[in-house]
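Scroll down for the structure; my scribbles are underneath it.
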There are 2 protein chains.
Amino acid sequence: MENYRHILAAVDLAPGEDPVTGRAAALARQYGARLSLLHVVEYVPPLDLAYDPVVPMGVDIENQLMDRARAELEKRLAWVGVEGTQTHVEAGSPKREIVRFAREHEVDLIVVGTHGRHGLSLLLGATANGVLHHAPCDVLAVRIPEEAGDG
Amino acid sequence: MENYRHILAAVDLAPGEDPVTGRAAALARQYGARLSLLHVVEYVPPLDLAYDPVVPMGVDIENQLMDRARAELEKRLAWVGVEGTQTHVEAGSPKREIVRFAREHEVDLIVVGTHGRHGLSLLLGATANGVLHHAPCDVLAVRIPEEAGDG
């Protein structure tokens, strides 16, 4: 049984504790694995381009969200404690981007939260579900306690 | 981030390598956690009781399958290498029994295979899917390579 070599934490950035990053970091330390933190800013297309075609509001908001996500991921580096940890922010469909990142970077373990912004009624959010069905590697679904993650 | 204390391997007993037990054992060693191996013999009710009510064939086959499963799990103890590992065989619905065992024994990580006897067209089998949606704890979905597990 080979040790995991590249662990990807699919970070949600919800307020409160972040057990996904915590668990991924603990495993990376245990296994001496590389650690990557990825946050995906969900792409929301402008609802009505016809009324406001001049100001590219959607793009601007997306860029702001990406900048904020980069800053949030950088903060995590302080307590992650895994040398060489890299942070990545993408925009698009979270499950697609997570799976694509995993394929392109030879990730062998993806860590996702099972109580994210989507699907509060399900223990398993839409993102975690999609990742689980399409991942090219092992997936650890970490339960996020009810207190955390809801803001 | 607390270490895992009780890891449950939901063992499939398909021929070939057993990455579920292997991965669960490796994690138990890393974390100094208890390890339990559970196999669930799926309960298949007799199809037509009216025609053969005297011979309880279903029960007999079920008992034989459970005995065989116990022997298979015992074999794994030889290479698992985690002191105090316990083996359990249940009959019923795999996802229900796995989740019930986890609740009753304070399991904090369930390890399941994502390519079992069910749903070869899906990467994630019905059992793994059910466990993921109902588990009271973290779940590690281990990909079983195509070569293994098909018998």
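By convention here, the chains of the structure tokens are called A, B, ... in the order presented, each chain's residues are numbered starting at 1, and ligands are numbered starting at 1 in the order presented.
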
Margin query: Please list as a VMD selection string every residue within 8 Å of region 59-66 of chain B, counting only C-alpha atoms and excluding residues in the same chain fewer than 5 positions away.
Written below: chain B and resid 41 43 89 to 91

Got time to write the residues from that selection, all heavy atoms, as a PDB file, in the first residue's frame?
ATOM      1  N   VAL B  41     -22.911  -9.635   4.491  1.00  0.00           N
ATOM      2  CA  VAL B  41     -23.497 -10.567   3.529  1.00  0.00           C
ATOM      3  C   VAL B  41     -24.876 -10.036   3.199  1.00  0.00           C
ATOM      4  O   VAL B  41     -25.714  -9.872   4.085  1.00  0.00           O
ATOM      5  CB  VAL B  41     -23.594 -11.997   4.126  1.00  0.00           C
ATOM      6  CG1 VAL B  41     -24.384 -12.917   3.201  1.00  0.00           C
ATOM      7  CG2 VAL B  41     -22.198 -12.552   4.383  1.00  0.00           C
ATOM      8  N   TYR B  43     -28.494  -9.738   2.399  1.00  0.00           N
ATOM      9  CA  TYR B  43     -29.624 -10.628   2.614  1.00  0.00           C
ATOM     10  C   TYR B  43     -30.465 -10.689   1.347  1.00  0.00           C
ATOM     11  O   TYR B  43     -30.953  -9.670   0.859  1.00  0.00           O
ATOM     12  CB  TYR B  43     -30.491 -10.144   3.775  1.00  0.00           C
ATOM     13  CG  TYR B  43     -31.740 -10.972   3.918  1.00  0.00           C
ATOM     14  CD1 TYR B  43     -31.663 -12.305   4.331  1.00  0.00           C
ATOM     15  CD2 TYR B  43     -32.987 -10.451   3.598  1.00  0.00           C
ATOM     16  CE1 TYR B  43     -32.795 -13.087   4.439  1.00  0.00           C
ATOM     17  CE2 TYR B  43     -34.122 -11.226   3.706  1.00  0.00           C
ATOM     18  CZ  TYR B  43     -34.023 -12.545   4.128  1.00  0.00           C
ATOM     19  OH  TYR B  43     -35.152 -13.320   4.217  1.00  0.00           O
ATOM     20  N   VAL B  89     -18.934  -9.934  10.915  1.00  0.00           N
ATOM     21  CA  VAL B  89     -19.726 -10.257   9.733  1.00  0.00           C
ATOM     22  C   VAL B  89     -21.193 -10.049  10.094  1.00  0.00           C
ATOM     23  O   VAL B  89     -21.654 -10.530  11.133  1.00  0.00           O
ATOM     24  CB  VAL B  89     -19.479 -11.711   9.271  1.00  0.00           C
ATOM     25  CG1 VAL B  89     -20.398 -12.065   8.110  1.00  0.00           C
ATOM     26  CG2 VAL B  89     -18.019 -11.890   8.866  1.00  0.00           C
ATOM     27  N   GLU B  90     -21.887  -9.309   9.270  1.00  0.00           N
ATOM     28  CA  GLU B  90     -23.310  -9.084   9.464  1.00  0.00           C
ATOM     29  C   GLU B  90     -24.047  -9.507   8.198  1.00  0.00           C
ATOM     30  O   GLU B  90     -23.438  -9.622   7.135  1.00  0.00           O
ATOM     31  CB  GLU B  90     -23.603  -7.597   9.739  1.00  0.00           C
ATOM     32  CG  GLU B  90     -22.882  -7.009  10.928  1.00  0.00           C
ATOM     33  CD  GLU B  90     -23.450  -7.477  12.266  1.00  0.00           C
ATOM     34  OE1 GLU B  90     -24.549  -8.081  12.266  1.00  0.00           O
ATOM     35  OE2 GLU B  90     -22.799  -7.233  13.298  1.00  0.00           O
ATOM     36  N   ALA B  91     -25.346  -9.710   8.332  1.00  0.00           N
ATOM     37  CA  ALA B  91     -26.172  -9.971   7.156  1.00  0.00           C
ATOM     38  C   ALA B  91     -27.199  -8.862   7.052  1.00  0.00           C
ATOM     39  O   ALA B  91     -27.701  -8.376   8.067  1.00  0.00           O
ATOM     40  CB  ALA B  91     -26.865 -11.320   7.277  1.00  0.00           C
TER      41      ALA B  91
END

Check: Counting only C-alpha atoms, which residues of chain A come no farther than 9 Å from chain B, as an MDAnalysis selection string?
Finding: chainID A and resid 1:3 19 22:23 26 30:31 111 114 122:124 129 132:143

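For the pair CA of Ala126 (chain B) and CA of Phe101 (chain B), the interatomic distance is 17.8 Å.
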
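For the set B:Pro94, B:His6, B:Val40, B:Val99, the residue with the smallest atom-to-atom gap to Ala69 (chain B) is B:Val40, counting only C-alpha atoms.
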
Note to self: Need to verify the contact set: Thr87 (chain B), 8 Å, only C-alpha atoms, exclusion of same-chain residues closer than 3 positions in sequence. Can you return it as a list in words?
What the structure shows: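 The residues satisfying every condition are Ser36, Leu37, Leu38, Arg70, Leu73 and Glu74 of chain B.
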
Store the residues of this selection in a file with N, CA and C atoms, as an mmCIF file, in the first residue's frame.
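That gives us again-v3.cif:
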data_model
loop_
_atom_site.group_PDB
_atom_site.id
_atom_site.type_symbol
_atom_site.label_atom_id
_atom_site.label_comp_id
_atom_site.auth_asym_id
_atom_site.auth_seq_id
_atom_site.Cartn_x
_atom_site.Cartn_y
_atom_site.Cartn_z
ATOM 1 N N SER B 36 -11.420 -1.999 12.784
ATOM 2 C CA SER B 36 -12.433 -3.049 12.680
ATOM 3 C C SER B 36 -12.648 -3.370 11.214
ATOM 4 N N LEU B 37 -12.713 -4.664 10.910
ATOM 5 C CA LEU B 37 -13.036 -5.105 9.553
ATOM 6 C C LEU B 37 -14.460 -5.634 9.568
ATOM 7 N N LEU B 38 -15.297 -5.101 8.685
ATOM 8 C CA LEU B 38 -16.697 -5.521 8.628
ATOM 9 C C LEU B 38 -17.033 -5.973 7.217
ATOM 10 N N ARG B 70 -16.307 -14.905 7.499
ATOM 11 C CA ARG B 70 -15.507 -14.870 8.733
ATOM 12 C C ARG B 70 -14.102 -15.421 8.481
ATOM 13 N N LEU B 73 -12.048 -12.871 6.469
ATOM 14 C CA LEU B 73 -11.592 -11.743 7.293
ATOM 15 C C LEU B 73 -10.451 -12.177 8.216
ATOM 16 N N GLU B 74 -10.564 -13.397 8.748
ATOM 17 C CA GLU B 74 -9.494 -13.906 9.616
ATOM 18 C C GLU B 74 -8.162 -13.928 8.865
#

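Between CA of Ile98 (chain A) and CA of Ala24 (chain B) the separation is 24.3 Å.
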
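Note that the spacing between CA of Ser93 (chain B) and CA of Glu42 (chain B) amounts to 5.6 Å.
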
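Proximity ranking of A:Glu17, A:Lys95, A:Thr85, A:Arg100 relative to Val112 (chain A) places A:Lys95 first, based on only C-alpha atoms.
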